[in-house]
file my_file.txt (compact mmCIF, C-alpha atoms and all ligand atoms)
# COMPACT_ATOMS: atom_id res chain seq x y z
CA MET Y 1062 118.97 170.02 61.16
CA GLU Y 1063 121.93 171.91 59.74
CA ARG Y 1064 120.63 175.11 61.30
CA TYR Y 1065 120.41 173.42 64.67
CA PHE Y 1066 124.05 172.40 64.54
CA LYS Y 1067 125.13 175.89 63.45
CA ARG Y 1068 123.33 177.46 66.39
CA LYS Y 1069 124.84 174.98 68.76
CA ALA Y 1070 128.37 175.64 67.56
CA SER Y 1071 128.08 179.39 68.11
CA CYS Y 1072 127.11 179.14 71.79
CA LEU Y 1073 129.07 176.24 73.18
CA ALA Y 1074 128.41 175.35 76.80
CA GLU Y 1075 131.31 174.82 79.17
CA ASN Y 1076 131.05 171.03 79.19
CA GLU Y 1077 131.04 170.92 75.39
CA ILE Y 1078 134.44 172.56 75.15
CA ASN Y 1079 137.61 170.53 74.83
CA TRP Y 1080 139.88 172.91 76.76
CA ASP Y 1081 143.14 171.41 75.51
CA GLU Y 1082 141.97 172.12 71.98
CA GLU Y 1083 140.40 175.44 72.79
CA ILE Y 1084 143.25 177.25 74.53
CA LYS Y 1085 145.75 177.85 71.81
CA TYR Y 1086 149.25 178.69 72.89
CA ASP Y 1087 150.15 180.06 69.48
CA LEU Y 1088 148.62 183.46 68.86
CA GLY Y 1089 147.89 182.83 65.23
CA LEU Y 1090 145.27 180.28 66.30
CA ARG Y 1091 143.54 181.96 69.24
CA LYS Y 1092 139.95 183.18 69.36
CA GLU Y 1093 139.32 186.63 70.84
CA ILE Y 1094 137.94 186.63 74.39
CA ASP Y 1095 134.85 188.57 73.30
CA SER Y 1096 133.90 185.79 70.90
CA TYR Y 1097 133.06 183.57 73.90
CA HIS Y 1098 129.76 183.69 75.75
CA PRO Y 1099 130.05 186.23 78.66
CA ASN Y 1100 129.56 183.41 81.21
CA LEU Y 1101 132.59 181.60 79.83
CA ARG Y 1102 135.05 184.48 79.50
CA GLU Y 1103 136.40 184.29 83.04
CA LYS Y 1104 137.13 180.60 82.67
CA VAL Y 1105 138.81 181.13 79.29
CA ARG Y 1106 141.00 183.87 80.82
CA ARG Y 1107 141.90 181.60 83.74
CA LYS Y 1108 142.95 178.84 81.34
CA TYR Y 1109 145.16 181.25 79.39
CA LEU Y 1110 146.72 182.56 82.60
CA GLU Y 1111 147.50 178.99 83.66
CA ASN Y 1112 149.30 178.47 80.34
CA GLY Y 1113 151.15 181.76 80.56
CA PRO Y 1114 152.31 183.98 77.71
CA CYS Y 1115 153.62 182.54 74.46
CA GLN Y 1116 157.35 183.29 74.66
CA PRO Y 1117 159.20 180.78 72.48
CA ARG Y 1118 162.79 181.49 73.46
CA GLY Y 1119 164.45 178.56 71.73
CA ILE Y 1120 163.52 179.42 68.14
CA ASN Y 1121 165.44 181.31 65.46
CA PHE Y 1122 163.62 184.58 64.94
CA PRO Y 1123 163.60 185.16 61.16
CA LEU Y 1124 164.99 188.31 59.58
CA LEU Y 1125 162.16 190.25 57.95
CA LYS Y 1126 162.14 193.11 55.51
CA ILE Y 1127 159.99 195.77 57.13
CA GLY Y 1128 158.21 198.22 54.86
CA ASP Y 1129 160.70 200.10 52.69
CA LYS Y 1130 163.56 199.78 55.18
CA GLU Y 1131 166.88 198.73 53.68
CA LYS Y 1132 168.03 196.54 56.51
CA PRO Y 1133 165.93 193.52 57.48
CA ARG Y 1134 165.15 193.24 61.21
CA ARG Y 1135 164.11 190.50 63.56
CA PHE Y 1136 162.36 190.15 66.91
CA MET Y 1137 164.95 190.08 69.69
CA ARG Y 1138 164.77 187.30 72.28
CA GLU Y 1139 166.06 189.71 74.98
CA TRP Y 1140 162.87 191.74 74.68
CA PHE Y 1141 161.03 189.01 76.61
CA ASP Y 1142 163.24 189.86 79.61
CA GLU Y 1143 163.35 193.58 79.00
CA PHE Y 1144 159.59 194.03 78.66
CA GLY Y 1145 158.35 191.14 80.78
CA PRO Y 1146 155.49 188.66 80.71
CA TRP Y 1147 153.07 190.68 78.59
CA LEU Y 1148 155.15 190.37 75.42
CA GLU Y 1149 154.34 187.40 73.21
CA TYR Y 1150 155.66 186.21 69.88
CA SER Y 1151 153.83 184.10 67.32
CA GLU Y 1152 155.98 181.78 65.30
CA THR Y 1153 153.34 181.27 62.65
CA LYS Y 1154 152.57 184.98 62.21
CA GLN Y 1155 156.16 186.18 62.91
CA LYS Y 1156 154.73 189.04 64.93
CA ALA Y 1157 154.61 190.24 68.54
CA TYR Y 1158 151.45 190.50 70.66
CA CYS Y 1159 150.33 191.62 74.13
CA PHE Y 1160 149.10 188.94 76.53
CA TYR Y 1161 147.49 191.41 78.98
CA CYS Y 1162 145.61 193.32 76.29
CA PHE Y 1163 144.47 190.06 74.68
CA LEU Y 1164 142.95 188.97 77.99
CA PHE Y 1165 141.63 192.18 79.55
CA ARG Y 1166 141.92 195.33 77.39
CA GLU Y 1167 138.58 197.09 77.63
CA LYS Y 1168 138.71 199.45 74.70
CA LYS Y 1169 139.24 197.79 71.35
CA ASP Y 1170 141.15 200.73 69.88
CA ALA Y 1171 144.21 201.04 67.61
CA GLY Y 1172 146.51 199.69 70.36
CA TYR Y 1173 144.30 196.63 70.67
CA ASP Y 1174 144.34 196.10 66.90
CA ALA Y 1175 148.12 196.40 66.72
CA PHE Y 1176 148.96 194.14 69.66
CA VAL Y 1177 146.04 191.70 69.74
CA VAL Y 1178 144.33 191.43 66.36
CA ASN Y 1179 146.98 192.12 63.72
CA GLY Y 1180 150.19 191.68 65.70
CA TRP Y 1181 153.19 194.03 65.67
CA ASP Y 1182 156.26 193.64 63.49
CA GLY Y 1183 157.89 197.07 63.51
CA PHE Y 1184 161.06 195.47 64.84
CA HIS Y 1185 163.18 198.46 63.78
CA ARG Y 1186 161.25 200.63 66.29
CA LYS Y 1187 161.73 199.02 69.67
CA GLU Y 1188 160.45 202.21 71.37
CA ARG Y 1189 156.96 201.21 70.17
CA LEU Y 1190 157.03 198.45 72.80
CA ARG Y 1191 157.70 201.02 75.49
CA SER Y 1192 154.96 203.30 74.22
CA HIS Y 1193 152.56 200.33 74.22
CA ILE Y 1194 153.07 200.00 77.99
CA GLY Y 1195 152.05 203.66 78.28
CA GLU Y 1196 151.11 205.48 81.44
CA VAL Y 1197 149.80 204.35 84.83
CA GLY Y 1198 146.02 204.18 84.45
CA GLY Y 1199 146.26 203.58 80.68
CA LEU Y 1200 144.53 200.71 78.87
CA HIS Y 1201 147.53 198.35 78.93
CA TYR Y 1202 148.18 199.21 82.58
CA ASN Y 1203 144.58 198.46 83.57
CA ALA Y 1204 144.69 195.16 81.67
CA MET Y 1205 147.88 194.26 83.58
CA LYS Y 1206 146.18 195.03 86.90
CA GLU Y 1207 143.24 192.81 85.98
CA CYS Y 1208 145.69 189.99 85.21
CA ASP Y 1209 147.42 190.43 88.57
CA GLU Y 1210 144.13 190.41 90.44
CA GLN Y 1211 142.94 187.27 88.67
CA VAL Y 1212 146.23 185.47 89.38
CA SER Y 1213 146.24 186.40 93.08
CA ALA Y 1214 142.56 185.42 93.48
CA THR Y 1215 143.28 182.02 91.92
CA THR Y 1216 146.35 181.56 94.12
CA THR Y 1217 144.33 182.33 97.25
CA VAL Y 1218 141.64 179.81 96.30
CA GLU Y 1219 144.27 177.16 95.56
CA ARG Y 1220 146.02 177.90 98.87
CA CYS Y 1221 142.74 177.45 100.76
CA PHE Y 1222 141.92 174.20 99.01
CA SER Y 1223 145.32 172.67 99.61
CA ALA Y 1224 145.13 173.77 103.25
CA MET Y 1225 141.70 172.19 103.53
CA LYS Y 1226 143.12 168.85 102.35
CA ILE Y 1227 145.59 168.96 105.25
CA VAL Y 1228 143.27 170.27 107.95
CA LYS Y 1229 140.27 168.16 107.03
CA THR Y 1230 141.29 164.87 108.61
CA SER Y 1231 138.85 162.16 109.66
CA LEU Y 1232 138.61 163.82 113.07
CA SER Y 1233 137.80 167.21 111.59
CA ASN Y 1234 135.12 165.61 109.43
CA ARG Y 1235 133.11 165.29 112.62
CA MET Y 1236 133.40 169.01 113.40
CA GLY Y 1237 130.82 171.58 112.53
CA ASP Y 1238 131.58 174.02 109.71
CA GLU Y 1239 132.23 176.86 112.10
CA HIS Y 1240 134.93 175.07 114.07
CA LEU Y 1241 136.51 173.73 110.90
CA SER Y 1242 136.71 177.20 109.39
CA HIS Y 1243 138.40 178.53 112.57
CA ARG Y 1244 141.04 175.81 112.27
CA LEU Y 1245 141.43 176.52 108.57
CA ILE Y 1246 142.01 180.23 109.14
CA CYS Y 1247 144.58 179.44 111.85
CA TYR Y 1248 146.35 177.12 109.42
CA ILE Y 1249 146.27 179.40 106.36
CA GLU Y 1250 147.36 182.44 108.33
CA LYS Y 1251 149.98 180.49 110.31
CA GLU Y 1252 152.59 183.24 109.83
CA GLU Y 1253 150.19 185.63 111.57
CA MET Y 1254 149.35 183.03 114.24
CA LYS Y 1255 153.03 182.73 115.17
CA LYS Y 1256 152.84 186.28 116.51
CA VAL Y 1257 150.06 185.32 118.92
CA SER Y 1258 150.74 183.48 122.21
CA ASN Y 1259 149.10 180.10 122.93
CA GLU Y 1260 147.50 181.55 126.06
CA ALA Y 1261 145.78 184.26 124.03
CA VAL Y 1262 144.34 181.66 121.62
CA VAL Y 1263 143.10 179.44 124.47
CA HIS Y 1264 141.59 182.44 126.20
CA HIS Y 1265 139.85 183.55 122.98
CA PHE Y 1266 138.34 180.12 122.33
CA MET Y 1267 137.25 179.75 125.97
CA THR Y 1268 135.46 183.09 125.88
CA MET Y 1269 133.71 181.99 122.69
CA GLU Y 1270 132.53 178.87 124.47
CA GLU Y 1271 131.25 180.88 127.40
CA LYS Y 1272 129.33 183.08 125.01
CA GLY Y 1273 127.49 179.99 123.83
CA SER Y 1274 129.44 178.86 120.78
CA LYS Y 1275 129.13 175.11 120.66
CA TYR Y 1276 131.71 172.82 119.18
CA ASP Y 1277 130.04 169.65 118.07
CA LEU Y 1278 133.19 167.57 118.42
ZN ZN Y 1301 149.14 195.58 76.16
call {"tool": "encode", "arguments": {"input": "my_file.txt", "output": "structure tokens"}}
result
Amino acid sequence: MERYFKRKASCLAENEINWDEEIKYDLGLRKEIDSYHPNLREKVRRKYLENGPCQPRGINFPLLKIGDKEKPRRFMREWFDEFGPWLEYSETKQKAYCFYCFLFREKKDAGYDAFVVNGWDGFHRKERLRSHIGEVGGLHYNAMKECDEQVSATTTVERCFSAMKIVKTSLSNRMGDEHLSHRLICYIEKEEMKKVSNEAVVHHFMTMEEKGSKYDL
């Protein structure tokens, strides 16, 4: 019986996960993306992206003695603005992390260890943050691109669904899928539609009808 429960805990299905509990805002408490079943990783990433990076701006960043340096240093709040949305800070670990690399970095190398697994606290060497960003095409850069793509894909889906709520009135419920999707495209791309004259639209739809497209209105 005990073995059964152990097995179950290691491969949780989507509906067995309490997402509020699972998606930890504080980095000290997060599970690595790779520890989830491959089918779940996209959803976990989406949940984290919805939450956004952990950037606690209102706290007092403690002064820490770093290695054998004389002068204690602290994380600077301004770095969130200077380096942008990838930079995270964990209050419990008192270290900085990378949101993009946590979510999408492919190669689990030294950069991954420093900014995802162990956290970074070399606060006397701010240039390390710049070198973490690295070059175009580098590991951090690719992770950032993946994040951007995921966010814009989610935004497009949300845009379509909210448009569907508006376009799908009781009258449109009686339309066939094809006609409904034409209306939906016209609505979603309304900025583009403004460039087209009404006559052109009427002409286009009339030609479609002549060609045999039936609207089951
Ligand atoms: Zn990174």
call {"tool": "atom_distance", "arguments": {"input": "my_file.txt", "atom1": "atom CA of Phe1122 of chain Y", "atom2": "atom CA of Met1137 of chain Y"}}
result
7.4 Å
call {"tool": "residues_near_ligand", "arguments": {"input": "my_file.txt", "ligand": "ligand ZN 1301 (chain Y)", "cutoff": "6 Å", "atoms": "all atoms listed in the file", "output": "ChimeraX atom specification"}}
result
/Y:1159,1161-1162,1201
call {"tool": "closest_residue", "arguments": {"input": "my_file.txt", "among": "Y:Phe1160, Y:Phe1184, Y:Tyr1086, Y:Trp1080", "to": "Leu1101 of chain Y", "atoms": "only C-alpha atoms"}}
result
Y:Trp1080
call {"tool": "closest_residue", "arguments": {"input": "my_file.txt", "among": "Y:Glu1260, Y:Glu1143, Y:Glu1093, Y:Glu1075", "to": "Phe1163 of chain Y", "atoms": "only C-alpha atoms"}}
result
Y:Glu1093
call {"tool": "closest_residue", "arguments": {"input": "my_file.txt", "among": "Y:Glu1167, Y:Glu1207, Y:Glu1082, Y:Glu1188", "to": "Lys1108 of chain Y", "atoms": "only C-alpha atoms"}}
result
Y:Glu1082
call {"tool": "residues_near_point", "arguments": {"input": "my_file.txt", "point": "(148.0, 195.7, 84.5)", "cutoff": "10 Å", "atoms": "all atoms listed in the file", "output": "list in words"}}
result
Trp1147, Tyr1161, Cys1162, Phe1165, Arg1166, Ile1194, Val1197, Gly1198, Gly1199, Leu1200, His1201, Tyr1202, Asn1203, Ala1204, Met1205, Lys1206, Glu1207, Cys1208, Asp1209 and Glu1210 of chain Y
call {"tool": "residues_around", "arguments": {"input": "my_file.txt", "residues": "Asn1179 of chain Y", "least_positions_apart": "6", "cutoff": "10 Å", "atoms": "all atoms listed in the file", "output": "list in words"}}
result
Gly1089, Lys1154, Lys1156, Ala1157, Tyr1158 and Tyr1173 of chain Y
call {"tool": "closest_residue", "arguments": {"input": "my_file.txt", "among": "Y:Ala1261, Y:Ile1084, Y:Ile1078, Y:Ile1094", "to": "Asn1112 of chain Y", "atoms": "all atoms listed in the file"}}
result
Y:Ile1084
call {"tool": "atom_distance", "arguments": {"input": "my_file.txt", "atom1": "atom CA of Phe1136 of chain Y", "atom2": "atom CA of Leu1164 of chain Y"}}
result
22.4 Å
call {"tool": "atom_distance", "arguments": {"input": "my_file.txt", "atom1": "atom CA of Asp1170 of chain Y", "atom2": "atom CA of His1098 of chain Y"}}
result
21.3 Å
call {"tool": "residues_around", "arguments": {"input": "my_file.txt", "residues": "Pro1133 of chain Y", "least_positions_apart": "5", "cutoff": "6 Å", "atoms": "all atoms listed in the file", "output": "PyMOL selection string"}}
result
chain Y and resi 1124-1126
call {"tool": "closest_residue", "arguments": {"input": "my_file.txt", "among": "Y:Arg1091, Y:Lys1169, Y:His1193, Y:Lys1187", "to": "Cys1115 of chain Y", "atoms": "all atoms listed in the file"}}
result
Y:Arg1091
call {"tool": "closest_residue", "arguments": {"input": "my_file.txt", "among": "Y:Asp1174, Y:Glu1196, Y:Asp1081, Y:Glu1152", "to": "Pro1117 of chain Y", "atoms": "all atoms listed in the file"}}
result
Y:Glu1152
